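What's in data.cif: mmCIF, C-alpha atoms
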data_start
loop_
_atom_site.label_atom_id
_atom_site.label_comp_id
_atom_site.auth_asym_id
_atom_site.auth_seq_id
_atom_site.Cartn_x
_atom_site.Cartn_y
_atom_site.Cartn_z
CA MET I 29 79.78 76.55 12.77
CA ARG I 30 78.81 79.36 15.10
CA ALA I 31 81.72 80.85 17.04
CA ALA I 32 81.41 80.91 20.80
CA PRO I 33 80.75 84.60 21.61
CA ALA I 34 81.45 86.28 24.86
CA LEU I 35 78.47 86.59 27.15
CA ALA I 36 78.17 89.89 28.95
CA PHE I 37 77.18 89.30 32.54
CA LEU I 38 75.90 91.80 35.06
CA LEU I 39 75.00 91.30 38.69
CA CYS I 40 73.18 93.97 40.63
CA LEU I 41 71.80 93.99 44.13
CA ILE I 42 68.20 95.17 44.11
CA SER I 43 67.23 95.40 47.75
CA PRO I 44 69.90 94.70 50.34
CA ALA I 45 67.64 96.14 53.02
CA ALA I 46 65.26 93.23 52.48
CA ALA I 47 67.74 90.86 54.01
CA LYS I 48 66.70 89.10 57.19
CA ALA I 49 68.78 87.16 59.64
CA GLU I 50 69.46 83.72 58.28
CA GLY I 51 72.05 81.57 60.00
CA GLY I 52 74.94 80.18 58.01
CA LYS I 53 74.87 76.65 56.84
CA GLY I 54 75.79 74.40 59.69
CA GLY I 55 77.77 71.23 59.56
CA ARG I 56 76.31 67.83 58.92
CA GLU I 57 76.04 64.94 61.27
CA GLU I 58 79.22 63.04 61.81
CA GLY I 59 79.40 59.97 59.65
CA LYS I 60 81.55 56.94 59.44
CA THR I 61 85.14 57.54 60.47
CA GLY I 62 87.88 55.06 60.98
CA THR I 63 90.99 54.78 63.04
CA ALA I 64 94.16 55.32 61.06
CA ILE I 65 96.06 52.03 60.90
CA SER I 66 99.45 51.44 59.36
CA THR I 67 99.37 49.80 55.97
CA SER I 68 101.87 47.32 57.37
CA ASP I 69 99.26 46.00 59.81
CA PRO I 70 99.33 42.23 59.12
CA TRP I 71 95.63 41.90 60.04
CA ARG I 72 94.38 44.40 57.45
CA SER I 73 95.13 44.74 53.77
CA THR I 74 93.57 48.24 53.53
CA PRO I 75 93.26 50.69 56.43
CA PRO I 76 89.86 52.33 56.98
CA GLU I 77 89.46 55.82 55.55
CA THR I 78 89.58 58.96 57.70
CA TYR I 79 88.01 61.42 55.25
CA ARG I 80 87.56 62.15 51.55
CA LEU I 81 88.45 65.17 49.46
CA ARG I 82 86.63 65.88 46.19
CA VAL I 83 88.07 68.35 43.66
CA MET I 84 86.32 69.69 40.54
CA ASN I 85 89.00 70.56 37.96
CA THR I 86 87.47 73.76 36.58
CA LEU I 87 87.39 77.49 37.35
CA TYR I 88 85.73 78.00 40.75
CA GLY I 89 85.33 74.24 41.04
CA GLU I 90 84.47 73.06 44.54
CA VAL I 91 87.05 71.50 46.84
CA GLU I 92 84.92 69.60 49.36
CA ALA I 93 85.56 67.27 52.29
CA SER I 94 83.45 64.40 53.61
CA THR I 95 83.82 62.37 56.80
CA ASP I 96 80.87 60.02 56.24
CA GLY I 97 82.03 58.12 53.18
CA GLY I 98 80.73 60.66 50.69
CA GLU I 99 77.17 60.98 51.99
CA THR I 100 77.59 64.69 52.76
CA TRP I 101 80.17 67.24 51.62
CA LEU I 102 81.36 70.59 52.98
CA LEU I 103 83.10 73.30 50.94
CA VAL I 104 86.66 74.07 52.12
CA ALA I 105 88.21 75.80 49.06
CA ARG I 106 87.78 76.54 45.34
CA VAL I 107 89.85 75.94 42.22
CA LEU I 108 91.21 79.08 40.57
CA LYS I 109 92.96 77.31 37.67
CA PRO I 110 92.42 73.74 36.44
CA ALA I 111 95.23 71.39 35.43
CA VAL I 112 95.44 70.58 31.72
CA GLU I 113 98.68 68.57 31.63
CA ARG I 114 100.70 65.97 33.52
CA VAL I 115 104.45 65.91 34.00
CA PRO I 116 107.12 63.24 34.52
CA GLY I 117 108.40 62.61 38.02
CA GLY I 118 106.01 60.08 39.50
CA MET I 119 107.47 57.13 41.33
CA ALA I 120 104.56 54.72 40.97
CA GLU I 121 102.63 53.18 38.13
CA SER I 122 99.31 53.50 39.99
CA ALA I 123 97.32 56.60 40.96
CA THR I 124 98.23 57.65 44.49
CA VAL I 125 99.33 60.73 46.42
CA GLU I 126 103.13 60.73 46.44
CA LYS I 127 104.06 64.01 48.15
CA SER I 128 102.12 66.25 50.51
CA SER I 129 103.04 69.25 52.66
CA HIS I 130 101.70 72.70 53.52
CA HIS I 131 103.31 73.86 50.24
CA GLY I 132 101.04 71.63 48.14
CA MET I 133 100.51 68.10 46.95
CA ALA I 134 101.67 65.93 44.04
CA PHE I 135 99.75 62.84 43.03
CA GLY I 136 100.60 60.17 40.52
CA VAL I 137 98.24 59.47 37.65
CA GLY I 138 100.00 56.37 36.32
CA ASP I 139 102.86 55.93 33.82
CA LYS I 140 105.12 57.62 36.41
CA LYS I 141 103.49 60.98 35.67
CA LEU I 142 102.33 63.62 38.18
CA VAL I 143 99.67 66.29 38.61
CA ARG I 144 99.93 68.85 41.40
CA MET I 145 97.51 70.74 43.65
CA LEU I 146 99.07 74.05 44.75
CA PRO I 147 98.06 77.27 46.53
CA ASP I 148 97.35 80.45 44.61
CA SER I 149 100.42 82.33 43.34
CA PRO I 150 101.50 83.82 39.97
CA ALA I 151 104.13 81.11 39.50
CA ASN I 152 101.68 78.29 40.18
CA HIS I 153 99.23 79.74 37.65
CA ARG I 154 101.89 79.21 34.99
CA ASP I 155 102.16 75.51 35.79
CA PRO I 156 99.95 73.59 33.31
CA ALA I 157 100.06 70.48 35.49
CA ALA I 158 98.81 72.30 38.61
CA ILE I 159 95.33 72.56 40.04
CA VAL I 160 95.64 75.98 41.69
CA VAL I 161 93.44 76.45 44.75
CA ASN I 162 92.68 79.67 46.61
CA GLN I 163 94.50 80.40 49.82
CA THR I 164 92.21 79.26 52.60
CA PRO I 165 92.16 80.60 56.18
CA ALA I 166 94.84 79.34 58.55
CA GLY I 167 94.24 75.83 59.77
CA SER I 168 92.29 74.68 56.73
CA LEU I 169 93.12 72.99 53.43
CA PHE I 170 96.87 73.46 52.99
CA LYS I 171 97.66 73.04 56.66
CA ASP I 172 95.65 69.99 57.67
CA LEU I 173 93.28 68.78 54.95
CA LEU I 174 95.55 67.97 52.02
CA PRO I 175 95.54 64.22 51.32
CA THR I 176 98.65 62.62 52.77
CA ALA I 177 101.11 60.38 50.93
CA GLY I 178 99.56 57.01 50.21
CA SER I 179 96.03 58.33 49.75
CA SER I 180 94.29 56.83 46.74
CA VAL I 181 93.17 58.88 43.73
CA GLN I 182 90.06 58.14 41.68
CA GLN I 183 87.90 59.84 39.11
CA VAL I 184 84.16 60.43 39.60
CA THR I 185 82.02 59.86 36.51
CA ASN I 186 78.22 59.98 36.67
CA ARG I 187 78.57 60.20 40.48
CA LYS I 188 80.45 56.89 40.60
CA PRO I 189 84.16 56.71 41.53
CA SER I 190 86.43 54.60 39.40
CA ALA I 191 90.14 54.11 38.81
CA LEU I 192 91.91 56.67 36.66
CA PRO I 193 92.11 55.39 33.07
CA PRO I 194 95.51 54.40 31.64
CA GLY I 195 97.37 57.44 30.34
CA TYR I 196 95.08 59.77 32.27
CA LEU I 197 95.33 63.43 31.24
CA PRO I 198 93.40 66.00 33.34
CA GLN I 199 90.51 67.64 31.49
CA GLU I 200 88.15 70.52 32.21
CA ASN I 201 85.35 69.50 34.60
CA ASP I 202 87.05 66.27 35.70
CA GLN I 203 86.11 65.42 39.27
CA LEU I 204 88.88 63.82 41.32
CA LEU I 205 88.35 61.90 44.55
CA PHE I 206 91.03 61.38 47.21
CA ILE I 207 90.52 58.74 49.90
CA VAL I 208 92.62 59.70 52.94
CA TYR I 209 93.61 57.04 55.46
CA ARG I 210 95.60 59.10 57.96
CA VAL I 211 96.27 62.72 58.88
CA ASN I 212 99.56 64.42 59.68
CA ARG I 213 98.47 66.12 62.87
CA THR I 214 98.47 63.93 65.95
CA ASP I 215 95.97 66.17 67.76
CA ILE I 216 93.22 65.53 65.17
CA SER I 217 92.17 61.93 65.68
CA PRO I 218 89.80 60.37 63.12
CA PRO I 219 86.74 60.67 65.41
CA LYS I 220 87.41 64.42 65.68
CA MET I 221 87.79 64.89 61.93
CA ALA I 222 84.08 65.55 61.35
CA ASP I 223 84.14 68.50 63.75
CA TYR I 224 87.38 69.79 62.23
CA VAL I 225 86.00 69.69 58.67
CA LYS I 226 82.88 71.52 59.80
CA GLU I 227 85.02 74.20 61.44
CA ALA I 228 87.26 74.48 58.36
CA SER I 229 84.23 74.97 56.11
CA GLN I 230 82.83 77.65 58.40
CA ARG I 231 86.20 79.43 58.45
CA TYR I 232 86.27 79.39 54.66
CA GLN I 233 82.80 80.93 54.34
CA ASP I 234 83.45 83.51 57.06
CA GLY I 235 86.71 84.37 55.32
CA ALA I 236 84.90 84.98 52.02
CA ILE I 237 82.50 87.39 53.73
CA ALA I 238 85.33 89.18 55.54
CA LYS I 239 87.27 89.57 52.28
CA VAL I 240 84.31 91.30 50.60
CA ARG I 241 83.83 93.67 53.53
CA ALA I 242 87.57 94.44 53.65
CA SER I 243 87.37 95.56 50.00
CA GLY I 244 84.77 98.18 50.96
CA LYS I 245 81.88 96.31 49.37
CA LYS I 246 78.85 94.66 50.92
CA PRO I 247 77.94 90.99 50.60
CA ALA I 248 74.64 90.28 48.87
CA GLY I 249 71.58 90.08 51.06
CA GLY I 250 68.02 90.37 49.82
CA PHE I 251 67.01 90.31 46.17
CA LEU I 252 69.59 89.80 43.45
CA THR I 253 68.94 90.41 39.76
CA ILE I 254 71.05 88.59 37.19
CA ASN I 255 71.09 90.12 33.70
CA ALA I 256 72.66 88.24 30.79
CA THR I 257 73.36 90.17 27.59
CA PRO I 258 74.46 88.10 24.58
CA ALA I 259 77.17 89.47 22.32
CA LYS I 260 76.10 91.68 19.45
CA GLY I 261 74.65 89.65 16.60
CA ASP I 262 74.19 86.53 18.71
CA SER I 263 70.73 85.13 19.36
CA PRO I 264 70.94 82.07 21.64
CA GLY I 265 68.22 79.49 21.65
CA ALA I 266 67.95 79.98 25.41
CA ILE I 267 69.83 81.26 28.44
CA THR I 268 70.17 78.99 31.48
CA PHE I 269 70.86 80.29 34.99
CA VAL I 270 72.62 77.87 37.34
CA LEU I 271 73.12 78.29 41.09
CA ASP I 272 75.63 75.99 42.82
CA GLY I 273 75.21 73.40 40.05
CA ALA I 274 71.38 73.44 40.00
CA VAL I 275 69.35 75.08 37.23
CA VAL I 276 67.22 77.89 38.68
CA GLY I 277 65.89 79.45 35.48
CA ILE I 278 65.68 79.05 31.70
CA LEU I 279 64.67 81.94 29.42
CA ASN I 280 64.25 81.61 25.65
CA ARG I 281 63.64 85.26 24.80
CA ALA I 282 65.07 88.64 25.79
CA PRO I 283 65.35 90.27 28.21
CA TYR I 284 67.37 87.55 29.90
CA SER I 285 66.90 88.66 33.48
CA LEU I 286 66.31 86.59 36.60
CA ARG I 287 65.50 87.81 40.12
CA LEU I 288 66.59 85.66 43.06
CA ASP I 289 65.95 85.96 46.79
CA THR I 290 69.22 85.35 48.62
CA ARG I 291 67.47 85.17 52.01
CA SER I 292 66.94 81.47 51.39
CA TRP I 293 70.66 80.94 50.72
CA THR I 294 73.29 80.04 53.30
CA ASN I 295 75.82 82.68 54.27
CA GLY I 296 79.05 82.55 52.30
CA GLU I 297 80.11 81.85 48.72
CA HIS I 298 77.76 80.71 45.97
CA LEU I 299 78.59 80.03 42.32
CA VAL I 300 76.28 81.57 39.71
CA GLU I 301 76.65 80.51 36.07
CA VAL I 302 74.96 81.87 32.97
CA ARG I 303 75.03 79.50 30.00
CA GLY I 304 74.10 80.30 26.42
CA LEU I 305 72.38 77.40 24.63
CA ASN I 306 72.17 76.91 20.87
CA ASP I 307 69.05 75.81 19.01
CA ASN I 308 69.85 72.16 19.81
CA GLY I 309 70.02 72.86 23.54
CA ALA I 310 73.80 72.48 23.79
CA SER I 311 75.83 74.98 25.82
CA TYR I 312 78.25 76.97 23.67
CA THR I 313 79.27 79.79 26.01
CA GLN I 314 79.17 80.45 29.72
CA LYS I 315 80.10 82.99 32.36
CA LYS I 316 80.78 82.26 36.03
CA VAL I 317 80.81 84.56 39.04
CA LEU I 318 81.08 84.00 42.77
CA VAL I 319 78.41 85.71 44.84
CA VAL I 320 79.09 86.17 48.54
CA VAL I 321 75.95 86.29 50.69
CA ASP I 322 75.51 87.46 54.27
CA ASN I 323 71.89 87.48 55.42
CA ARG I 324 72.70 88.54 58.96
CA PRO I 325 71.54 92.08 59.84
#
How does the structure come out when it is put into structure tokens?
Amino acid sequence: MRAAPALAFLLCLISPAAAKAEGGKGGREEGKTGTAISTSDPWRSTPPETYRLRVMNTLYGEVEASTDGGETWLLVARVLKPAVERVPGGMAESATVEKSSHHGMAFGVGDKKLVRMLPDSPANHRDPAAIVVNQTPAGSLFKDLLPTAGSSVQQVTNRKPSALPPGYLPQENDQLLFIVYRVNRTDISPPKMADYVKEASQRYQDGAIAKVRASGKKPAGGFLTINATPAKGDSPGAITFVLDGAVVGILNRAPYSLRLDTRSWTNGEHLVEVRGLNDNGASYTQKKVLVVVDNRP
């Protein structure tokens, strides 16, 4: 069996001067939102949802919010470390959010076990049962958008949500869905949630651009060349280039180089992946990198 080699990965900006003004990705139309109603309401067995949060349990996995029942999603954070374990401490047998504050969230996965979602810190990276998420700008994920206690937890498989299986153990690339029925802040009513999510997403993208500039570097803007160099002695069947989850190029012979025009991209973070495929077309190694784009002059 062939060992999974490391895949050298180089990004270089070819022509930043070619960038033209291109507005950042705007928000989507407001969708269906409900009015938060107490679960003790005798006229309703289930309160209507306020928003949804979708989390991809993998490095740089998207944390996205939706206020129209999952029709459209906006990026509000990214995963820096996936959870690979669950721990005792849950109070319920079913999958539901049990604790939530600006320090993080703990949700039950059944069997009275817990998984956590926590902000980025060295200590949290050592927690195998924690999905560690990057620190977002003030007023975003960990302040107002974490699912509150009582929110339901589901797993998305083949784009369809379903209940967590008995004995659920978090795995790489699992996609978790949280249905939120109420928010903690009294000044963000459900009808206003769509605008708030749009603003939170814009703050996140603007923050990514500002962080790059603060480091003394420039965001990408113009033409970007991606070079993939397999490890010595390795000859993959093909190299696949993936942008934000969509395949943008497949090369089956060296040099493995792809040129992209970032002027058609929205301003902010984008995830680029290079995957090495074996002769059967299966991925056996990959490299991920976040590219921050700012097409404004």
Problem set entry | Among listed residues I:Gly277, I:Gly136, I:Pro258, I:Pro156, nearest Val112 (chain I) (using all atoms listed in the file) | I:Pro156
Problem set entry | One-decimal distance in Å that lies between CA of Val275 (chain I) and CA of Ala248 (chain I) |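 The value is 19.9 Å.
Closest to Ala123 (chain I) among I:His298, I:Arg231, I:Lys141, I:Arg324 is I:Lys141, based on only C-alpha atoms.
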Since I can't run it myself right now, could you work out what the PyMOL selection byres ((chain I and resi 262-268) around 8) selects here and report it as an mmCIF file with C-alpha atoms, keeping the file's coordinate frame?
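For reference, expr09.cif as written:
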data_model
loop_
_atom_site.group_PDB
_atom_site.id
_atom_site.type_symbol
_atom_site.label_atom_id
_atom_site.label_comp_id
_atom_site.auth_asym_id
_atom_site.auth_seq_id
_atom_site.Cartn_x
_atom_site.Cartn_y
_atom_site.Cartn_z
ATOM 1 C CA PRO I 33 80.750 84.600 21.610
ATOM 2 C CA ALA I 256 72.660 88.240 30.790
ATOM 3 C CA PRO I 258 74.460 88.100 24.580
ATOM 4 C CA ALA I 259 77.170 89.470 22.320
ATOM 5 C CA LYS I 260 76.100 91.680 19.450
ATOM 6 C CA GLY I 261 74.650 89.650 16.600
ATOM 7 C CA PHE I 269 70.860 80.290 34.990
ATOM 8 C CA VAL I 270 72.620 77.870 37.340
ATOM 9 C CA VAL I 275 69.350 75.080 37.230
ATOM 10 C CA VAL I 276 67.220 77.890 38.680
ATOM 11 C CA GLY I 277 65.890 79.450 35.480
ATOM 12 C CA ILE I 278 65.680 79.050 31.700
ATOM 13 C CA LEU I 279 64.670 81.940 29.420
ATOM 14 C CA ASN I 280 64.250 81.610 25.650
ATOM 15 C CA ARG I 281 63.640 85.260 24.800
ATOM 16 C CA TYR I 284 67.370 87.550 29.900
ATOM 17 C CA VAL I 302 74.960 81.870 32.970
ATOM 18 C CA ARG I 303 75.030 79.500 30.000
ATOM 19 C CA GLY I 304 74.100 80.300 26.420
ATOM 20 C CA LEU I 305 72.380 77.400 24.630
ATOM 21 C CA ASN I 306 72.170 76.910 20.870
ATOM 22 C CA ASP I 307 69.050 75.810 19.010
ATOM 23 C CA ASN I 308 69.850 72.160 19.810
ATOM 24 C CA GLY I 309 70.020 72.860 23.540
#
Exercise. Counting all atoms listed in the file, which of I:Lys239, I:Glu99, I:Pro110, I:Pro193 gets nearest to His153 (chain I)?
Worked result: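 The answer is I:Pro110, which sits nearest to His153 (chain I).
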For this session: Figure out the distance between CA of Gly250 (chain I) and CA of Asp289 (chain I), please, to one decimal in Å.
Result: 5.7 Å
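Separating CA of Phe170 (chain I) from CA of Arg114 (chain I) is a distance of 21.2 Å.
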For this session: Decode the PyMOL selection byres ((chain I and resi 182) around 8) for the given file into explicit residues and return them as a ChimeraX atom specification.
Result: /I:123,180-181,183-184,189-192,204-206
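The result of the PyMOL selection byres ((chain I and resi 321) around 8) on the shown file is Ile237, Pro247, Ala248, Gly249, Thr290, Trp293, Thr294, Asn295, Gly296, Glu297, His298, Val319, Val320, Asp322 and Asn323 of chain I.
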